[in-house]
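Participant: Next comes the structure file final_4.pdb, holding PDB, C-alpha atoms.
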```pdb
MODEL        1
ATOM      1  CA  MET A   1     -22.217 -37.105 -11.175  1.00  0.00           C
ATOM      2  CA  HIS A   2     -24.291 -34.006 -11.876  1.00  0.00           C
ATOM      3  CA  ARG A   3     -22.267 -30.965 -12.909  1.00  0.00           C
ATOM      4  CA  ARG A   4     -23.633 -27.572 -12.067  1.00  0.00           C
ATOM      5  CA  ARG A   5     -23.747 -25.121 -14.947  1.00  0.00           C
ATOM      6  CA  PHE A   6     -22.644 -21.568 -14.372  1.00  0.00           C
ATOM      7  CA  PRO A   7     -24.466 -19.055 -16.578  1.00  0.00           C
ATOM      8  CA  ASP A   8     -21.740 -16.465 -16.069  1.00  0.00           C
ATOM      9  CA  CYS A   9     -18.384 -18.170 -15.801  1.00  0.00           C
ATOM     10  CA  ALA A  10     -16.398 -14.929 -15.455  1.00  0.00           C
ATOM     11  CA  GLY A  11     -15.352 -16.012 -11.976  1.00  0.00           C
ATOM     12  CA  ILE A  12     -14.193 -19.486 -12.958  1.00  0.00           C
ATOM     13  CA  LYS A  13     -10.496 -20.325 -12.716  1.00  0.00           C
ATOM     14  CA  ARG A  14      -8.782 -23.439 -14.028  1.00  0.00           C
ATOM     15  CA  ASN A  15      -5.377 -24.798 -13.104  1.00  0.00           C
ATOM     16  CA  PRO A  16      -3.952 -26.941 -15.926  1.00  0.00           C
ATOM     17  CA  TYR A  17      -1.123 -29.258 -14.958  1.00  0.00           C
ATOM     18  CA  HIS A  18       1.096 -31.648 -16.883  1.00  0.00           C
ATOM     19  CA  PRO A  19       3.383 -34.142 -15.156  1.00  0.00           C
ATOM     20  CA  HIS A  20       6.161 -33.775 -17.734  1.00  0.00           C
ATOM     21  CA  VAL A  21       5.930 -30.099 -18.712  1.00  0.00           C
ATOM     22  CA  SER A  22       7.151 -27.292 -16.447  1.00  0.00           C
ATOM     23  CA  PRO A  23       4.718 -24.486 -15.549  1.00  0.00           C
ATOM     24  CA  PRO A  24       6.673 -21.878 -17.582  1.00  0.00           C
ATOM     25  CA  GLU A  25       6.570 -24.170 -20.654  1.00  0.00           C
ATOM     26  CA  LEU A  26       2.884 -24.896 -20.121  1.00  0.00           C
ATOM     27  CA  LEU A  27       2.183 -21.174 -19.692  1.00  0.00           C
ATOM     28  CA  ALA A  28       3.973 -20.408 -22.966  1.00  0.00           C
ATOM     29  CA  ALA A  29       1.899 -23.097 -24.697  1.00  0.00           C
ATOM     30  CA  VAL A  30      -1.375 -21.723 -23.294  1.00  0.00           C
ATOM     31  CA  ARG A  31      -0.477 -18.157 -24.239  1.00  0.00           C
ATOM     32  CA  GLY A  32       0.674 -19.346 -27.664  1.00  0.00           C
ATOM     33  CA  LEU A  33      -2.752 -20.748 -28.559  1.00  0.00           C
ATOM     34  CA  GLY A  34      -3.693 -17.404 -30.078  1.00  0.00           C
ATOM     35  CA  LEU A  35      -6.995 -17.311 -28.224  1.00  0.00           C
ATOM     36  CA  GLY A  36      -8.515 -14.383 -26.383  1.00  0.00           C
ATOM     37  CA  GLY A  37     -10.911 -14.008 -23.508  1.00  0.00           C
ATOM     38  CA  PHE A  38      -8.675 -15.404 -20.816  1.00  0.00           C
ATOM     39  CA  HIS A  39      -5.752 -14.463 -18.588  1.00  0.00           C
ATOM     40  CA  ALA A  40      -2.970 -16.962 -17.848  1.00  0.00           C
ATOM     41  CA  THR A  41      -0.184 -16.757 -15.281  1.00  0.00           C
ATOM     42  CA  HIS A  42       1.595 -18.888 -12.692  1.00  0.00           C
ATOM     43  CA  SER A  43       2.562 -18.693  -9.057  1.00  0.00           C
ATOM     44  CA  GLY A  44       5.569 -20.966  -9.007  1.00  0.00           C
ATOM     45  CA  ALA A  45       3.390 -23.947  -8.121  1.00  0.00           C
ATOM     46  CA  ALA A  46       3.257 -27.034 -10.352  1.00  0.00           C
ATOM     47  CA  PHE A  47       0.365 -25.671 -12.428  1.00  0.00           C
ATOM     48  CA  VAL A  48      -0.727 -22.709 -14.539  1.00  0.00           C
ATOM     49  CA  GLU A  49      -3.583 -20.397 -13.550  1.00  0.00           C
ATOM     50  CA  VAL A  50      -6.106 -19.699 -16.310  1.00  0.00           C
ATOM     51  CA  ALA A  51      -9.067 -17.426 -15.649  1.00  0.00           C
ATOM     52  CA  ALA A  52     -11.461 -15.195 -17.508  1.00  0.00           C
ATOM     53  CA  GLU A  53      -9.844 -12.121 -19.006  1.00  0.00           C
ATOM     54  CA  GLY A  54      -9.551  -9.420 -16.345  1.00  0.00           C
ATOM     55  CA  LEU A  55      -9.880 -11.847 -13.431  1.00  0.00           C
ATOM     56  CA  THR A  56      -6.639 -11.018 -11.613  1.00  0.00           C
ATOM     57  CA  LYS A  57      -5.477 -10.127  -8.143  1.00  0.00           C
ATOM     58  CA  ALA A  58      -5.281  -6.500  -9.308  1.00  0.00           C
ATOM     59  CA  ALA A  59      -8.926  -6.581 -10.389  1.00  0.00           C
ATOM     60  CA  GLY A  60      -9.932  -8.122  -7.064  1.00  0.00           C
ATOM     61  CA  LEU A  61      -8.026  -5.507  -5.099  1.00  0.00           C
ATOM     62  CA  ALA A  62      -9.538  -2.708  -7.200  1.00  0.00           C
ATOM     63  CA  LEU A  63     -13.040  -4.104  -6.618  1.00  0.00           C
ATOM     64  CA  LEU A  64     -12.477  -4.382  -2.871  1.00  0.00           C
ATOM     65  CA  CYS A  65     -11.062  -0.871  -2.671  1.00  0.00           C
ATOM     66  CA  GLY A  66     -14.055   0.462  -4.588  1.00  0.00           C
ATOM     67  CA  LYS A  67     -16.459  -1.243  -2.189  1.00  0.00           C
ATOM     68  CA  LEU A  68     -14.580   0.057   0.860  1.00  0.00           C
ATOM     69  CA  GLY A  69     -13.939   3.545  -0.497  1.00  0.00           C
ATOM     70  CA  VAL A  70     -10.155   3.135  -0.361  1.00  0.00           C
ATOM     71  CA  ALA A  71      -8.160   5.104  -2.916  1.00  0.00           C
ATOM     72  CA  GLN A  72      -5.759   3.175  -5.127  1.00  0.00           C
ATOM     73  CA  ALA A  73      -2.945   5.450  -3.941  1.00  0.00           C
ATOM     74  CA  ASP A  74      -3.590   4.297  -0.365  1.00  0.00           C
ATOM     75  CA  THR A  75      -3.095   0.602  -1.041  1.00  0.00           C
ATOM     76  CA  LEU A  76      -0.115  -1.526  -0.065  1.00  0.00           C
ATOM     77  CA  ALA A  77       0.393  -4.929  -1.684  1.00  0.00           C
ATOM     78  CA  PHE A  78       3.033  -7.615  -1.255  1.00  0.00           C
ATOM     79  CA  GLY A  79       3.895 -10.411  -3.653  1.00  0.00           C
ATOM     80  CA  ASP A  80       6.553 -12.751  -4.930  1.00  0.00           C
ATOM     81  CA  ALA A  81       5.251 -14.516  -8.019  1.00  0.00           C
ATOM     82  CA  PRO A  82       4.184 -13.675 -11.573  1.00  0.00           C
ATOM     83  CA  ASN A  83       0.518 -13.944 -10.565  1.00  0.00           C
ATOM     84  CA  ASP A  84       1.164 -11.005  -8.197  1.00  0.00           C
ATOM     85  CA  ALA A  85       2.724  -8.708 -10.825  1.00  0.00           C
ATOM     86  CA  GLU A  86      -0.452  -6.922 -11.947  1.00  0.00           C
ATOM     87  CA  MET A  87      -1.504  -6.364  -8.330  1.00  0.00           C
ATOM     88  CA  LEU A  88       1.923  -4.976  -7.418  1.00  0.00           C
ATOM     89  CA  ALA A  89       1.791  -2.607 -10.387  1.00  0.00           C
ATOM     90  CA  TRP A  90      -1.781  -1.516  -9.568  1.00  0.00           C
ATOM     91  CA  ALA A  91      -1.257  -0.864  -5.861  1.00  0.00           C
ATOM     92  CA  GLY A  92      -0.329   2.568  -4.653  1.00  0.00           C
ATOM     93  CA  ARG A  93       2.742   0.891  -3.193  1.00  0.00           C
ATOM     94  CA  GLY A  94       3.700  -2.527  -4.515  1.00  0.00           C
ATOM     95  CA  VAL A  95       6.352  -4.451  -2.610  1.00  0.00           C
ATOM     96  CA  ALA A  96       8.110  -7.578  -3.857  1.00  0.00           C
ATOM     97  CA  MET A  97       9.754 -10.011  -1.510  1.00  0.00           C
ATOM     98  CA  GLU A  98      13.515 -10.473  -1.694  1.00  0.00           C
ATOM     99  CA  SER A  99      13.173 -13.894  -3.359  1.00  0.00           C
ATOM    100  CA  ALA A 100      10.492 -12.703  -5.771  1.00  0.00           C
ATOM    101  CA  HIS A 101      10.307 -13.839  -9.371  1.00  0.00           C
ATOM    102  CA  PRO A 102      11.819 -11.246 -11.772  1.00  0.00           C
ATOM    103  CA  GLU A 103       8.334 -10.456 -13.158  1.00  0.00           C
ATOM    104  CA  ALA A 104       7.055  -9.541  -9.681  1.00  0.00           C
ATOM    105  CA  ARG A 105      10.196  -7.533  -8.898  1.00  0.00           C
ATOM    106  CA  ALA A 106       9.842  -5.556 -12.131  1.00  0.00           C
ATOM    107  CA  ALA A 107       6.216  -4.665 -11.318  1.00  0.00           C
ATOM    108  CA  ALA A 108       6.915  -3.570  -7.737  1.00  0.00           C
ATOM    109  CA  ASP A 109       7.851  -0.127  -6.458  1.00  0.00           C
ATOM    110  CA  GLU A 110      10.315  -1.621  -3.997  1.00  0.00           C
ATOM    111  CA  VAL A 111      11.795  -4.883  -2.764  1.00  0.00           C
ATOM    112  CA  THR A 112      11.780  -5.862   0.903  1.00  0.00           C
ATOM    113  CA  LEU A 113      13.599  -8.489   2.921  1.00  0.00           C
ATOM    114  CA  SER A 114      12.780 -12.187   2.736  1.00  0.00           C
ATOM    115  CA  ASN A 115       9.957 -13.906   4.589  1.00  0.00           C
ATOM    116  CA  GLU A 116      12.523 -15.350   6.998  1.00  0.00           C
ATOM    117  CA  GLU A 117      13.700 -11.802   7.753  1.00  0.00           C
ATOM    118  CA  ASP A 118      10.121 -10.541   8.308  1.00  0.00           C
ATOM    119  CA  GLY A 119      10.150  -8.435   5.152  1.00  0.00           C
ATOM    120  CA  VAL A 120       6.416  -7.716   5.277  1.00  0.00           C
ATOM    121  CA  ALA A 121       6.608  -6.603   8.923  1.00  0.00           C
ATOM    122  CA  VAL A 122       9.542  -4.314   8.166  1.00  0.00           C
ATOM    123  CA  VAL A 123       7.557  -2.471   5.480  1.00  0.00           C
ATOM    124  CA  VAL A 124       4.334  -2.340   7.524  1.00  0.00           C
ATOM    125  CA  GLU A 125       6.226  -0.905  10.507  1.00  0.00           C
ATOM    126  CA  ARG A 126       7.862   1.694   8.231  1.00  0.00           C
ATOM    127  CA  VAL A 127       4.491   2.666   6.713  1.00  0.00           C
ATOM    128  CA  LEU A 128       2.879   2.977  10.145  1.00  0.00           C
ATOM    129  CA  ALA A 129       5.776   5.132  11.342  1.00  0.00           C
ATOM    130  CA  GLU A 130       5.335   7.390   8.290  1.00  0.00           C
ATOM    131  CA  LEU A 131       1.653   7.812   9.173  1.00  0.00           C
ATOM    132  CA  ALA A 132       2.331   8.677  12.816  1.00  0.00           C
TER
ENDMDL
END
```
Please re-express this file's structure in structure tokens.
Facilitator:
Amino acid sequence: MHRRRFPDCAGIKRNPYHPHVSPPELLAAVRGLGLGGFHATHSGAAFVEVAAEGLTKAAGLALLCGKLGVAQADTLAFGDAPNDAEMLAWAGRGVAMESAHPEARAAADEVTLSNEEDGVAVVVERVLAELA
């Protein structure tokens, strides 16, 4: 099988998994390697997310906002996992879901209701009412 080489792998993301090691333990091991040049986090899934340093949801949102001419202060982001924390902190208004991981909750400006209780819709409706 021919493998394609990427001259600039800044956009490459890997998802290491181990059948007998939990994602938080695996994340601690990856972070404990003492290496630089990468960013590691997890989403609550059975794997760890490892990407080039600076390749985060926050960086993606900042890039998109720059392209669209949207001010950081005018952004609204929702999340529930550690891989959302930087985005929640970056957004003008970061909202964690009720069942969010403590890392996401700590990064958010507020916490909304659960998915089952339409937490995202509640906040969006409130924001739209504030704009009216």
Participant: Name the residues that the PyMOL selection byres ((chain A and resi 112) around 9) pulls out of this structure, and write them as a list of chain:residue names.
Facilitator: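 Here the PyMOL selection byres ((chain A and resi 112) around 9) matches A:Val95, A:Ala96, A:Met97, A:Glu98, A:Glu110, A:Val111, A:Leu113, A:Ser114, A:Asp118, A:Gly119, A:Val120, A:Val122, A:Val123.
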Participant: If you count only C-alpha atoms, which residues fall within 6 Å of Ala107 (chain A), apart from same-chain ones fewer than 3 positions away, as a list in words?
Facilitator: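 After dropping sequence-adjacent residues, the list is Ala85, Leu88, Ala89 and Ala104 of chain A.
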Participant: May I ask which of the residues A:Glu130, A:Glu53, A:Glu125, A:Asp84 is the closest one to Ala108 (chain A), counting all atoms listed in the file?
Facilitator: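 Among the listed residues, the smallest separation from Ala108 (chain A) belongs to A:Asp84.
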Participant: At what distance in Å, to one decimal, does CA of Leu27 (chain A) lie from CA of His101 (chain A)?
Facilitator: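 Computed distance, CA of His101 (chain A) to CA of Leu27 (chain A), equals 15.0 Å.
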Participant: Could you list, as a tab-separated table (two decimals) with C-alpha atoms, in the coordinates of the input, every residue matched by the PyMOL selection byres ((chain A and resi 14-16) around 6) in this structure?
Facilitator:
```
chain	number	residue	atom	x	y	z
A	13	LYS	CA	-10.50	-20.32	-12.72
A	17	TYR	CA	-1.12	-29.26	-14.96
A	47	PHE	CA	0.36	-25.67	-12.43
A	48	VAL	CA	-0.73	-22.71	-14.54
A	49	GLU	CA	-3.58	-20.40	-13.55
A	50	VAL	CA	-6.11	-19.70	-16.31
```
Participant: Excluding Asn83 (chain A) and residues on its chain fewer than 4 positions from it, collect all residues at most 6 Å away from it, counting only C-alpha atoms, and give them as a JSON list (two decimals) with C-alpha atoms, in the coordinates of the input.
Facilitator:
```
[["chain", "number", "residue", "atom", "x", "y", "z"],
["A", 41, "THR", "CA", -0.18, -16.76, -15.28],
["A", 42, "HIS", "CA", 1.60, -18.89, -12.69],
["A", 43, "SER", "CA", 2.56, -18.69, -9.06]]
```
Participant: As an exercise, work out the distance from CA of Lys67 (chain A) to CA of Arg93 (chain A) in Å and give it to one decimal place.
Facilitator: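 According to the coordinates, CA of Lys67 (chain A) and CA of Arg93 (chain A) are separated by 19.3 Å.
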Participant: Report as JSON the centre and the edge lengths, in Å to one decimal, of the axis-aligned box holding every listed atom of region 80-85 of chain A, padded by 8 Å on each side.
Facilitator:
```
{"center_x": 3.5, "center_y": -11.6, "center_z": -8.3, "size_x": 22.0, "size_y": 21.8, "size_z": 22.6}
```
Participant: Can you work out the spacing between CA of Gly94 (chain A) and CA of Gly32 (chain A) in Å, to one decimal?
Facilitator: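 Separation between CA of Gly94 (chain A) and CA of Gly32 (chain A): 28.8 Å.
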Participant: Using only C-alpha atoms, can you tell me which of A:Ala51, A:Leu131, A:Ala121, A:Leu26 comes closest to Phe38 (chain A)?
Facilitator: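 Nearest to Phe38 (chain A): A:Ala51.
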Participant: With distances taken over all atoms listed in the file, which residue among A:Ala45, A:Ala40, A:Leu33, A:Val21 lies nearest Ala81 (chain A)?
Facilitator: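 Checking each candidate against Ala81 (chain A), we get A:Ala45 as the closest.
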Participant: Which of these residues is nearest to His20 (chain A), using all atoms listed in the file: A:Leu76, A:Ala46, A:Pro82, A:Glu116?
Facilitator: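 Once distances to His20 (chain A) are computed over all atoms listed in the file, the minimum belongs to A:Ala46.
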Participant: So which one's closest to Glu103 (chain A), A:Leu55, A:Asp80, A:Gly69, A:Trp90? Using all atoms listed in the file, please.
Facilitator: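 Among A:Leu55, A:Asp80, A:Gly69, A:Trp90, it is A:Asp80 that comes nearest to Glu103 (chain A).
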